[in-house]
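**Q** Sharing input22.cif (mmCIF, C-alpha atoms) below.
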data_data
#
loop_
_atom_site.label_atom_id
_atom_site.label_comp_id
_atom_site.auth_asym_id
_atom_site.auth_seq_id
_atom_site.Cartn_x
_atom_site.Cartn_y
_atom_site.Cartn_z
CA MET A 1 115.61 106.95 -24.97
CA ILE A 2 115.05 103.53 -26.44
CA GLY A 3 115.99 100.77 -24.02
CA ARG A 4 115.51 97.08 -24.58
CA ASP A 5 114.81 94.88 -21.59
CA ALA A 6 117.52 92.23 -21.21
CA LYS A 7 114.95 89.58 -20.29
CA GLY A 8 113.22 89.83 -23.67
CA VAL A 9 113.03 86.69 -25.76
CA GLY A 10 113.99 88.42 -29.01
CA ASP A 11 110.95 87.12 -30.93
CA PRO A 12 109.33 89.81 -33.12
CA MET A 13 105.94 88.39 -32.09
CA THR A 14 106.66 89.44 -28.47
CA ARG A 15 108.41 92.76 -29.07
CA VAL A 16 106.53 95.65 -27.44
CA LEU A 17 107.08 99.41 -27.46
CA VAL A 18 105.95 101.43 -24.42
CA VAL A 19 105.51 105.17 -25.04
CA GLU A 20 104.99 107.00 -21.73
CA ASP A 21 106.48 110.26 -20.44
CA ASP A 22 106.09 109.47 -16.73
CA ASP A 23 109.48 107.93 -15.88
CA ASP A 24 108.28 105.95 -12.85
CA LEU A 25 105.21 104.53 -14.60
CA ARG A 26 107.17 103.71 -17.75
CA THR A 27 109.81 101.88 -15.71
CA ALA A 28 107.16 99.86 -13.87
CA VAL A 29 105.40 98.88 -17.10
CA VAL A 30 108.65 97.98 -18.88
CA THR A 31 109.84 95.92 -15.90
CA ASP A 32 106.60 93.94 -15.62
CA LEU A 33 106.31 93.32 -19.36
CA GLY A 34 109.94 92.18 -19.39
CA ALA A 35 109.27 89.81 -16.48
CA ALA A 36 106.29 88.44 -18.44
CA GLY A 37 108.64 87.43 -21.27
CA PHE A 38 108.29 90.37 -23.67
CA GLU A 39 111.15 92.18 -25.32
CA VAL A 40 110.43 95.80 -24.44
CA ASP A 41 111.56 99.10 -25.91
CA GLU A 42 110.60 102.40 -24.31
CA ALA A 43 110.12 105.97 -25.48
CA PRO A 44 109.13 109.15 -23.60
CA ASP A 45 107.50 110.96 -26.56
CA ILE A 46 106.11 110.60 -30.07
CA THR A 47 109.34 111.62 -31.79
CA THR A 48 111.36 108.90 -30.07
CA ALA A 49 108.58 106.38 -30.69
CA ALA A 50 108.53 107.21 -34.41
CA ALA A 51 112.29 106.56 -34.58
CA ALA A 52 111.83 103.19 -32.84
CA LEU A 53 108.98 102.22 -35.16
CA ALA A 54 111.26 102.79 -38.16
CA GLY A 55 113.35 99.87 -36.89
CA PRO A 56 112.40 96.28 -36.02
CA ALA A 57 108.73 95.30 -36.22
CA TYR A 58 106.65 95.33 -33.01
CA ALA A 59 103.85 93.02 -31.97
CA CYS A 60 102.13 95.78 -29.98
CA VAL A 61 102.59 99.44 -29.00
CA VAL A 62 101.38 100.94 -25.71
CA PHE A 63 100.82 104.69 -26.14
CA ASP A 64 100.13 107.20 -23.41
CA ARG A 65 97.60 109.63 -24.91
CA MET A 66 99.04 112.97 -23.76
CA LEU A 67 102.78 113.18 -24.45
CA PRO A 68 105.18 116.16 -24.34
CA ASP A 69 105.02 116.58 -28.13
CA GLY A 70 101.29 116.05 -28.57
CA ASP A 71 98.33 113.70 -28.36
CA SER A 72 99.43 110.32 -29.66
CA ILE A 73 95.98 109.71 -31.14
CA GLY A 74 96.88 111.98 -34.05
CA TYR A 75 100.11 110.11 -34.75
CA VAL A 76 98.36 106.72 -34.65
CA ARG A 77 95.59 107.98 -36.94
CA GLN A 78 98.15 109.09 -39.53
CA ARG A 79 99.97 105.75 -39.37
CA ARG A 80 96.68 103.86 -39.76
CA GLU A 81 95.83 105.92 -42.85
CA ALA A 82 99.20 104.87 -44.29
CA GLY A 83 98.35 101.20 -43.78
CA TRP A 84 100.01 100.54 -40.41
CA THR A 85 98.33 97.55 -38.69
CA VAL A 86 100.34 97.01 -35.46
CA PRO A 87 97.95 96.64 -32.47
CA VAL A 88 97.83 99.75 -30.25
CA LEU A 89 96.74 100.09 -26.64
CA PHE A 90 96.11 103.64 -25.44
CA LEU A 91 97.04 104.24 -21.81
CA THR A 92 95.60 107.42 -20.35
CA GLY A 93 93.95 109.34 -17.57
CA ARG A 94 91.37 110.51 -20.13
CA ALA A 95 89.11 107.51 -19.86
CA ASP A 96 85.54 108.82 -20.11
CA VAL A 97 83.24 107.40 -22.78
CA ALA A 98 83.91 110.17 -25.32
CA ASP A 99 87.67 109.72 -25.05
CA ARG A 100 87.44 105.94 -25.38
CA VAL A 101 85.21 106.23 -28.44
CA ALA A 102 87.63 108.74 -30.01
CA GLY A 103 90.51 106.37 -29.35
CA PHE A 104 88.80 103.43 -31.04
CA GLU A 105 87.70 105.59 -33.97
CA HIS A 106 91.27 106.70 -34.61
CA GLY A 107 93.16 103.44 -34.46
CA ALA A 108 93.08 102.00 -30.93
CA ASP A 109 92.74 98.25 -30.46
CA ASP A 110 92.38 98.59 -26.70
CA TYR A 111 92.09 101.36 -24.11
CA LEU A 112 93.10 101.32 -20.45
CA GLY A 113 92.43 104.19 -18.09
CA LYS A 114 94.72 105.36 -15.30
CA PRO A 115 95.12 104.32 -12.56
CA PHE A 116 95.41 100.67 -13.58
CA ALA A 117 96.89 97.38 -12.43
CA VAL A 118 100.08 96.59 -14.34
CA ALA A 119 99.08 92.91 -14.31
CA GLU A 120 95.95 93.83 -16.27
CA LEU A 121 98.04 95.79 -18.77
CA CYS A 122 100.31 92.77 -19.29
CA ALA A 123 97.27 90.56 -19.88
CA ARG A 124 95.81 93.00 -22.43
CA VAL A 125 99.14 93.29 -24.24
CA SER A 126 99.37 89.48 -24.40
CA VAL A 127 95.96 89.32 -26.05
CA LEU A 128 96.88 91.98 -28.62
CA CYS A 129 100.16 90.23 -29.46
CA ARG A 130 98.27 87.01 -30.22
CA ARG A 131 95.71 88.75 -32.41
CA PRO A 132 96.18 88.03 -36.13
CA ALA A 133 97.07 91.20 -37.99
CA PRO A 134 94.36 92.36 -40.41
CA ARG A 135 95.32 92.23 -44.05
CA PRO A 136 93.95 95.11 -46.11
CA ALA A 137 92.87 94.15 -49.63
CA VAL A 138 94.72 97.13 -51.07
CA LEU A 139 98.08 98.33 -49.72
CA ARG A 140 99.39 101.82 -50.51
CA VAL A 141 102.71 103.52 -49.86
CA GLY A 142 103.03 106.87 -51.62
CA ASP A 143 102.07 106.32 -55.27
CA LEU A 144 102.65 102.57 -55.01
CA THR A 145 99.50 100.41 -54.87
CA LEU A 146 99.23 96.67 -54.34
CA ASP A 147 95.88 94.89 -54.73
CA THR A 148 96.25 91.60 -52.85
CA VAL A 149 92.91 90.23 -54.11
CA ARG A 150 93.41 90.91 -57.82
CA HIS A 151 97.16 90.32 -57.51
CA GLU A 152 97.89 93.60 -59.28
CA ALA A 153 100.46 96.30 -58.60
CA SER A 154 100.93 99.79 -59.99
CA ARG A 155 103.00 102.88 -59.36
CA GLY A 156 101.71 106.30 -60.28
CA GLY A 157 98.88 104.56 -62.12
CA THR A 158 101.27 102.52 -64.29
CA PRO A 159 100.83 98.72 -63.97
CA LEU A 160 103.86 96.75 -62.75
CA ALA A 161 104.71 93.30 -64.10
CA LEU A 162 105.75 91.43 -60.94
CA GLY A 163 106.55 87.76 -60.64
CA ALA A 164 104.91 85.74 -57.87
CA ARG A 165 107.96 85.95 -55.59
CA GLU A 166 108.41 89.67 -56.26
CA PHE A 167 104.76 90.29 -55.45
CA SER A 168 105.03 88.30 -52.22
CA VAL A 169 108.14 90.15 -51.03
CA LEU A 170 106.69 93.54 -51.94
CA GLU A 171 103.44 92.69 -50.15
CA PHE A 172 105.33 91.76 -46.98
CA LEU A 173 107.37 94.98 -47.08
CA MET A 174 104.24 97.07 -47.69
CA SER A 175 102.52 95.33 -44.76
CA HIS A 176 105.26 96.76 -42.50
CA PRO A 177 105.57 100.34 -43.81
CA GLY A 178 108.56 102.20 -42.42
CA ALA A 179 109.85 99.17 -40.48
CA ALA A 180 113.15 97.41 -41.10
CA VAL A 181 112.31 93.86 -42.21
CA SER A 182 115.06 91.28 -41.85
CA ARG A 183 116.10 88.89 -44.62
CA THR A 184 115.20 86.04 -42.27
CA ASP A 185 111.63 87.32 -41.89
CA LEU A 186 111.31 87.67 -45.66
CA ILE A 187 112.56 84.11 -46.25
CA GLU A 188 110.22 82.70 -43.59
CA HIS A 189 107.17 84.44 -45.09
CA CYS A 190 107.93 84.42 -48.83
CA TRP A 191 109.89 81.20 -49.42
CA ASP A 192 109.46 77.57 -48.37
CA SER A 193 111.25 75.92 -45.49
CA SER A 194 113.92 74.38 -47.74
CA THR A 195 115.41 77.78 -48.61
CA ASP A 196 118.87 78.38 -47.21
CA PRO A 197 118.64 81.44 -44.92
CA MET A 198 122.27 82.26 -45.77
CA SER A 199 121.61 82.46 -49.51
CA ASN A 200 121.25 85.75 -51.41
CA VAL A 201 117.78 85.01 -52.81
CA VAL A 202 116.25 87.95 -50.95
CA ASP A 203 118.77 90.44 -52.30
CA VAL A 204 118.28 89.16 -55.85
CA VAL A 205 114.49 89.55 -55.69
CA VAL A 206 114.73 92.96 -54.01
CA ARG A 207 117.04 94.20 -56.78
CA ARG A 208 114.46 93.15 -59.38
CA ILE A 209 111.69 94.87 -57.42
CA ARG A 210 113.67 98.12 -57.13
CA ARG A 211 114.38 98.09 -60.85
CA LYS A 212 110.70 97.61 -61.69
CA LEU A 213 109.51 100.26 -59.22
CA GLY A 214 111.81 102.89 -60.72
CA GLU A 215 112.62 106.24 -59.17
CA PRO A 216 112.45 107.63 -56.58
CA ASP A 217 113.54 104.47 -54.82
CA LEU A 218 111.06 103.14 -52.25
CA VAL A 219 113.01 100.10 -51.01
CA HIS A 220 115.95 101.03 -48.79
CA ALA A 221 118.67 98.77 -47.41
CA VAL A 222 119.07 99.05 -43.63
CA ARG A 223 122.59 98.12 -42.61
CA GLY A 224 122.67 95.04 -40.40
CA ARG A 225 118.87 94.63 -40.47
CA GLY A 226 117.43 94.08 -43.94
CA TYR A 227 115.14 96.29 -45.97
CA ARG A 228 112.66 99.08 -45.31
CA LEU A 229 109.94 100.27 -47.66
CA GLY A 230 108.94 103.90 -47.48
CA LEU A 231 109.06 107.31 -49.05
CA PRO A 232 112.47 108.98 -49.34
CA ALA A 233 113.38 111.14 -46.33
#
Rewrite the coordinates I just gave you, this time as structure tokens.
**A**
Amino acid sequence: MIGRDAKGVGDPMTRVLVVEDDDDLRTAVVTDLGAAGFEVDEAPDITTAAAALAGPAYACVVFDRMLPDGDSIGYVRQRREAGWTVPVLFLTGRADVADRVAGFEHGADDYLGKPFAVAELCARVSVLCRRPAPRPAVLRVGDLTLDTVRHEASRGGTPLALGAREFSVLEFLMSHPGAAVSRTDLIEHCWDSSTDPMSNVVDVVVRRIRRKLGEPDLVHAVRGRGYRLGLPA
């Protein structure tokens, strides 16, 4: 149940995912965030949220703590351990000190207890969307490691000889593990402004990266979207 609000601006920096199993509350939150200018997707459980997070990148995710298929804190903790850096706001009726501390220790960027004012939620989401994403010094996906400080890459302990552009593209893909990254986003972040967005420069560099990474393939083409980096299904 992934629905995008028609009022959204379409900018990845304002795309928000709301994960809440209470239909009325989820509708209210999605409506208000949409009215505030965000592009909003919604999910009633962790499974649906995970499917949405495998698609376009989000600027922020609002997670209810207790969902039909488990406590979302465990899911967020696992994603954080895999290098996921998208800001997360936990929304829950479990708002005592111990629960808030547990949330922050396991990946929360903010925590809002129920009941709450939707206007306050929108304000908190706005702050999280403007927050610069942290950049880990070392990125890891499976047996692939990228050291952004030493500018070194290896797979299974074997060093990889990557050119500057290849390193930049791989770093951007690894910074969005599991998400479909568009060719436009890659050009904007890894090339200069004079690059023709309709050219095939991205595909050429990605082919070289895939060849150097070897098997099993970690870089997957996503039809109509771009590329996704992750372990084989």
**Q** Between A:Gly214, A:Gly34, A:Pro159, A:Gly107, which has the minimum distance to A:Arg77 (counting only C-alpha atoms)?
**A** A:Gly107
**Q** Which is closer to A:Cys190 than all the others in A:His220, A:Thr85, A:Asp71, A:Arg165, using all atoms listed in the file?
**A**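 Between A:His220, A:Thr85, A:Asp71, A:Arg165, the residue approaching A:Cys190 most closely is A:Arg165.
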**Q** Kindly indicate which residue among A:Val101, A:Cys122, A:Leu91, A:Met174 lies nearest to A:Asp22, using only C-alpha atoms for the distances.
**A**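 Nearest candidate to A:Asp22 out of A:Val101, A:Cys122, A:Leu91, A:Met174: A:Leu91.
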**Q** Compare A:Arg131, A:Arg15, A:Lys114, A:Arg228 by their minimum atom-to-atom distance to A:Val169, counting only C-alpha atoms, and give me the closest one.
**A** A:Arg228
**Q** Just how far from atom CA of A:Asp109 is atom CA of A:Asp143, in Å to one decimal?
**A**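 Between atom CA of A:Asp143 and atom CA of A:Asp109 the gap works out to 27.7 Å.
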**Q** Hey, can you check how far atom CA of A:Glu39 sits from atom CA of A:Tyr111?
**A** 21.2 Å
